[in-house]
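Have a look at work.txt below; it lists compact mmCIF, N, CA and C atoms.
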```
# COMPACT_ATOMS: atom_id res chain seq x y z
N MET A 1 -97.61 21.45 56.89
CA MET A 1 -97.03 20.75 58.01
C MET A 1 -97.88 19.51 58.31
N ASN A 2 -97.28 18.35 58.27
CA ASN A 2 -98.02 17.12 58.51
C ASN A 2 -98.17 16.83 60.00
N ASP A 3 -99.23 16.07 60.32
CA ASP A 3 -99.48 15.65 61.69
C ASP A 3 -98.95 14.25 61.94
N LYS A 4 -98.24 13.71 60.96
CA LYS A 4 -97.69 12.36 61.10
C LYS A 4 -96.41 12.27 60.29
N VAL A 5 -95.42 11.58 60.84
CA VAL A 5 -94.17 11.34 60.14
C VAL A 5 -94.02 9.84 59.99
N VAL A 6 -93.97 9.34 58.76
CA VAL A 6 -93.83 7.93 58.41
C VAL A 6 -95.10 7.16 58.77
N GLY A 7 -95.13 5.87 58.55
CA GLY A 7 -96.31 5.07 58.85
C GLY A 7 -97.37 5.21 57.78
N SER A 8 -98.46 4.46 57.90
CA SER A 8 -99.52 4.49 56.90
C SER A 8 -100.53 5.60 57.20
N ASP A 9 -101.13 6.13 56.15
CA ASP A 9 -102.15 7.16 56.30
C ASP A 9 -103.49 6.52 56.66
N LYS A 10 -104.34 7.31 57.30
CA LYS A 10 -105.71 6.86 57.59
C LYS A 10 -106.45 6.78 56.25
N GLY A 11 -107.52 6.02 56.18
CA GLY A 11 -108.30 5.92 54.96
C GLY A 11 -108.86 7.27 54.56
N PHE A 12 -108.72 7.63 53.30
CA PHE A 12 -109.19 8.92 52.82
C PHE A 12 -110.68 9.09 53.03
N SER A 13 -111.49 8.06 52.75
CA SER A 13 -112.94 8.21 52.86
C SER A 13 -113.36 8.47 54.30
N GLY A 14 -112.74 7.80 55.25
CA GLY A 14 -113.06 8.02 56.66
C GLY A 14 -112.69 9.42 57.11
N MET A 15 -111.55 9.92 56.66
CA MET A 15 -111.13 11.27 57.03
C MET A 15 -112.01 12.31 56.35
N PHE A 16 -112.45 12.03 55.12
CA PHE A 16 -113.34 12.95 54.42
C PHE A 16 -114.66 13.08 55.17
N LEU A 17 -115.22 11.95 55.61
CA LEU A 17 -116.48 11.98 56.36
C LEU A 17 -116.30 12.71 57.69
N PHE A 18 -115.19 12.47 58.37
CA PHE A 18 -114.93 13.17 59.62
C PHE A 18 -114.85 14.68 59.38
N GLN A 19 -114.15 15.10 58.32
CA GLN A 19 -114.04 16.52 58.01
C GLN A 19 -115.41 17.12 57.71
N GLN A 20 -116.29 16.37 57.06
CA GLN A 20 -117.66 16.85 56.80
C GLN A 20 -118.40 17.10 58.11
N VAL A 21 -118.28 16.20 59.07
CA VAL A 21 -118.94 16.37 60.37
C VAL A 21 -118.38 17.60 61.08
N VAL A 22 -117.07 17.76 61.07
CA VAL A 22 -116.44 18.93 61.70
C VAL A 22 -116.98 20.20 61.06
N ASP A 23 -117.05 20.24 59.74
CA ASP A 23 -117.56 21.42 59.03
C ASP A 23 -119.04 21.65 59.33
N ASP A 24 -119.85 20.58 59.29
CA ASP A 24 -121.29 20.70 59.54
C ASP A 24 -121.59 21.22 60.94
N CYS A 25 -120.75 20.88 61.90
CA CYS A 25 -120.94 21.32 63.29
C CYS A 25 -120.30 22.67 63.57
N GLY A 26 -119.63 23.24 62.57
CA GLY A 26 -118.99 24.54 62.74
C GLY A 26 -117.82 24.50 63.71
N LEU A 27 -117.11 23.39 63.75
CA LEU A 27 -115.98 23.24 64.67
C LEU A 27 -114.69 23.73 64.03
N SER A 28 -113.80 24.22 64.86
CA SER A 28 -112.48 24.61 64.38
C SER A 28 -111.42 24.14 65.38
N ASP A 29 -110.25 23.89 64.88
CA ASP A 29 -109.12 23.42 65.68
C ASP A 29 -108.58 24.59 66.50
N LEU A 30 -108.38 24.37 67.80
CA LEU A 30 -107.84 25.43 68.65
C LEU A 30 -106.35 25.66 68.45
N GLY A 31 -105.70 24.74 67.77
CA GLY A 31 -104.26 24.87 67.58
C GLY A 31 -103.50 24.23 68.74
N TYR A 32 -102.22 24.53 68.84
CA TYR A 32 -101.39 23.90 69.86
C TYR A 32 -100.25 24.83 70.23
N SER A 33 -99.62 24.52 71.34
CA SER A 33 -98.35 25.15 71.69
C SER A 33 -97.44 24.04 72.19
N GLY A 34 -96.18 24.20 72.02
CA GLY A 34 -95.25 23.16 72.44
C GLY A 34 -94.93 22.22 71.30
N LEU A 35 -94.66 20.97 71.65
CA LEU A 35 -94.28 19.98 70.64
C LEU A 35 -95.45 19.68 69.72
N ARG A 36 -95.19 19.69 68.41
CA ARG A 36 -96.25 19.41 67.43
C ARG A 36 -96.58 17.93 67.38
N LEU A 37 -95.57 17.08 67.39
CA LEU A 37 -95.78 15.63 67.36
C LEU A 37 -95.69 15.11 68.79
N THR A 38 -96.81 14.66 69.34
CA THR A 38 -96.91 14.37 70.77
C THR A 38 -96.75 12.89 71.12
N TRP A 39 -96.59 12.03 70.13
CA TRP A 39 -96.43 10.60 70.38
C TRP A 39 -95.43 10.03 69.40
N ASN A 40 -94.64 9.06 69.86
CA ASN A 40 -93.81 8.28 68.94
C ASN A 40 -93.72 6.86 69.45
N ASN A 41 -93.41 5.93 68.56
CA ASN A 41 -93.39 4.52 68.92
C ASN A 41 -92.06 4.06 69.52
N LYS A 42 -91.17 4.99 69.81
CA LYS A 42 -89.88 4.74 70.47
C LYS A 42 -88.97 3.80 69.68
N ARG A 43 -89.19 3.70 68.38
CA ARG A 43 -88.28 2.94 67.53
C ARG A 43 -87.35 3.91 66.83
N GLU A 44 -86.29 3.40 66.27
CA GLU A 44 -85.31 4.27 65.63
C GLU A 44 -85.29 4.06 64.12
N GLY A 45 -84.75 5.03 63.43
CA GLY A 45 -84.58 4.95 61.98
C GLY A 45 -85.90 4.92 61.24
N LYS A 46 -85.96 4.11 60.18
CA LYS A 46 -87.15 4.05 59.32
C LYS A 46 -88.36 3.45 60.02
N SER A 47 -88.16 2.79 61.15
CA SER A 47 -89.28 2.20 61.90
C SER A 47 -89.94 3.21 62.84
N ASN A 48 -89.34 4.39 62.98
CA ASN A 48 -89.88 5.40 63.89
C ASN A 48 -91.12 6.05 63.28
N ILE A 49 -92.18 6.13 64.08
CA ILE A 49 -93.42 6.81 63.69
C ILE A 49 -93.72 7.86 64.74
N GLN A 50 -94.04 9.06 64.30
CA GLN A 50 -94.40 10.16 65.19
C GLN A 50 -95.72 10.75 64.72
N GLU A 51 -96.60 11.08 65.68
CA GLU A 51 -97.91 11.64 65.32
C GLU A 51 -98.35 12.69 66.33
N MET A 52 -99.23 13.57 65.87
CA MET A 52 -99.95 14.48 66.75
C MET A 52 -101.26 13.78 67.08
N LEU A 53 -101.42 13.37 68.34
CA LEU A 53 -102.61 12.61 68.72
C LEU A 53 -103.69 13.48 69.37
N ASP A 54 -103.30 14.52 70.05
CA ASP A 54 -104.28 15.31 70.78
C ASP A 54 -104.72 16.53 69.98
N ARG A 55 -106.01 16.65 69.80
CA ARG A 55 -106.63 17.77 69.09
C ARG A 55 -107.76 18.30 69.95
N PHE A 56 -108.00 19.58 69.85
CA PHE A 56 -109.11 20.20 70.56
C PHE A 56 -109.92 21.01 69.57
N LEU A 57 -111.21 20.69 69.48
CA LEU A 57 -112.11 21.37 68.56
C LEU A 57 -113.11 22.19 69.37
N THR A 58 -113.50 23.33 68.82
CA THR A 58 -114.45 24.20 69.50
C THR A 58 -115.41 24.80 68.48
N ASN A 59 -116.51 25.36 68.99
CA ASN A 59 -117.41 26.12 68.12
C ASN A 59 -117.58 27.51 68.71
N ASP A 60 -118.36 28.36 68.08
CA ASP A 60 -118.50 29.75 68.52
C ASP A 60 -119.41 29.93 69.72
N GLN A 61 -120.12 28.89 70.12
CA GLN A 61 -121.11 29.05 71.19
C GLN A 61 -120.51 28.95 72.56
```

Rewrite the structure of this file - the entire thing - as structure tokens.
Amino acid sequence: MNDKVVGSDKGFSGMFLFQQVVDDCGLSDLGYSGLRLTWNNKREGKSNIQEMLDRFLTNDQ
């Protein structure tokens, strides 16, 4: 399940580094309830972009 529909992807190297920090800190995603895609650019058709913008990370402490 993707967190984005249409539009350009974030740079792979930046996301890889972010994932390393998340892993190094022992963080995990709390998940969500409700709508998965929480933002859209209010355009129609192929110009429409939808994304999940809000994330919550936690650790065991």

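Note that atom N of Arg55 (chain A) and atom N of Lys42 (chain A) are 18.9 Å apart.
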
Can you list, as a list in words, every residue of chain A that DSSP puts in alpha helix (DSSP H)?
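Assigned to alpha helix (DSSP H), within chain A: Phe12, Ser13, Gly14, Met15, Phe16, Leu17, Phe18, Gln19, Gln20, Val21, Val22, Asp23 and Asp24 of chain A.
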
Would you export the selected residues with N, CA and C atoms as a short mmCIF file (atom, residue, chain, number, x, y, z; two decimals), keeping the file's coordinate frame, please?
```cif
data_model
loop_
_atom_site.label_atom_id
_atom_site.label_comp_id
_atom_site.auth_asym_id
_atom_site.auth_seq_id
_atom_site.Cartn_x
_atom_site.Cartn_y
_atom_site.Cartn_z
N PHE A 12 -108.72 7.63 53.30
CA PHE A 12 -109.19 8.92 52.82
C PHE A 12 -110.68 9.09 53.03
N SER A 13 -111.49 8.06 52.75
CA SER A 13 -112.94 8.21 52.86
C SER A 13 -113.36 8.47 54.30
N GLY A 14 -112.74 7.80 55.25
CA GLY A 14 -113.06 8.02 56.66
C GLY A 14 -112.69 9.42 57.11
N MET A 15 -111.55 9.92 56.66
CA MET A 15 -111.13 11.27 57.03
C MET A 15 -112.01 12.31 56.35
N PHE A 16 -112.45 12.03 55.12
CA PHE A 16 -113.34 12.95 54.42
C PHE A 16 -114.66 13.08 55.17
N LEU A 17 -115.22 11.95 55.61
CA LEU A 17 -116.48 11.98 56.36
C LEU A 17 -116.30 12.71 57.69
N PHE A 18 -115.19 12.47 58.37
CA PHE A 18 -114.93 13.17 59.62
C PHE A 18 -114.85 14.68 59.38
N GLN A 19 -114.15 15.10 58.32
CA GLN A 19 -114.04 16.52 58.01
C GLN A 19 -115.41 17.12 57.71
N GLN A 20 -116.29 16.37 57.06
CA GLN A 20 -117.66 16.85 56.80
C GLN A 20 -118.40 17.10 58.11
N VAL A 21 -118.28 16.20 59.07
CA VAL A 21 -118.94 16.37 60.37
C VAL A 21 -118.38 17.60 61.08
N VAL A 22 -117.07 17.76 61.07
CA VAL A 22 -116.44 18.93 61.70
C VAL A 22 -116.98 20.20 61.06
N ASP A 23 -117.05 20.24 59.74
CA ASP A 23 -117.56 21.42 59.03
C ASP A 23 -119.04 21.65 59.33
N ASP A 24 -119.85 20.58 59.29
CA ASP A 24 -121.29 20.70 59.54
C ASP A 24 -121.59 21.22 60.94
#
```

Leaving out Asn41 (chain A) and any residue of its chain fewer than 5 positions from it, which residues lie within 8 Å of it when counting all atoms listed in the file, given as a PDB file with N, CA and C atoms, in the coordinates of the input?
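Listed below is the output, selection-v2.pdb:
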```
ATOM      1  N   SER A  47     -88.160   2.790  61.150  1.00  0.00           N
ATOM      2  CA  SER A  47     -89.280   2.200  61.900  1.00  0.00           C
ATOM      3  C   SER A  47     -89.940   3.210  62.840  1.00  0.00           C
ATOM      4  N   ASN A  48     -89.340   4.390  62.980  1.00  0.00           N
ATOM      5  CA  ASN A  48     -89.880   5.400  63.890  1.00  0.00           C
ATOM      6  C   ASN A  48     -91.120   6.050  63.280  1.00  0.00           C
ATOM      7  N   ILE A  49     -92.180   6.130  64.080  1.00  0.00           N
ATOM      8  CA  ILE A  49     -93.420   6.810  63.690  1.00  0.00           C
ATOM      9  C   ILE A  49     -93.720   7.860  64.740  1.00  0.00           C
ATOM     10  N   GLN A  50     -94.040   9.060  64.300  1.00  0.00           N
ATOM     11  CA  GLN A  50     -94.400  10.160  65.190  1.00  0.00           C
ATOM     12  C   GLN A  50     -95.720  10.750  64.720  1.00  0.00           C
ATOM     13  N   GLU A  51     -96.600  11.080  65.680  1.00  0.00           N
ATOM     14  CA  GLU A  51     -97.910  11.640  65.320  1.00  0.00           C
ATOM     15  C   GLU A  51     -98.350  12.690  66.330  1.00  0.00           C
TER      16      GLU A  51
END
```

When you draw a straight line from atom N of Gly31 (chain A) to atom C of Asn59 (chain A), how long is it in Å?
12.2 Å

So which residues touch Thr58 (chain A) within 7 Å, counting only N, CA and C atoms, skipping near sequence neighbours fewer than 2 positions away, as a PyMOL selection string?
chain A and resi 26-30+56+60-61

Could you work out how far atom N of Gly14 (chain A) lies from CA of Gly45 (chain A), giving the answer in Å with one decimal?
29.1 Å

Which parts of chain A does DSSP call strand (DSSP E) when run on the backbone here, written out as number ranges by chain?
A: 4-5, 28-29, 39-40, 50-51, 57-58
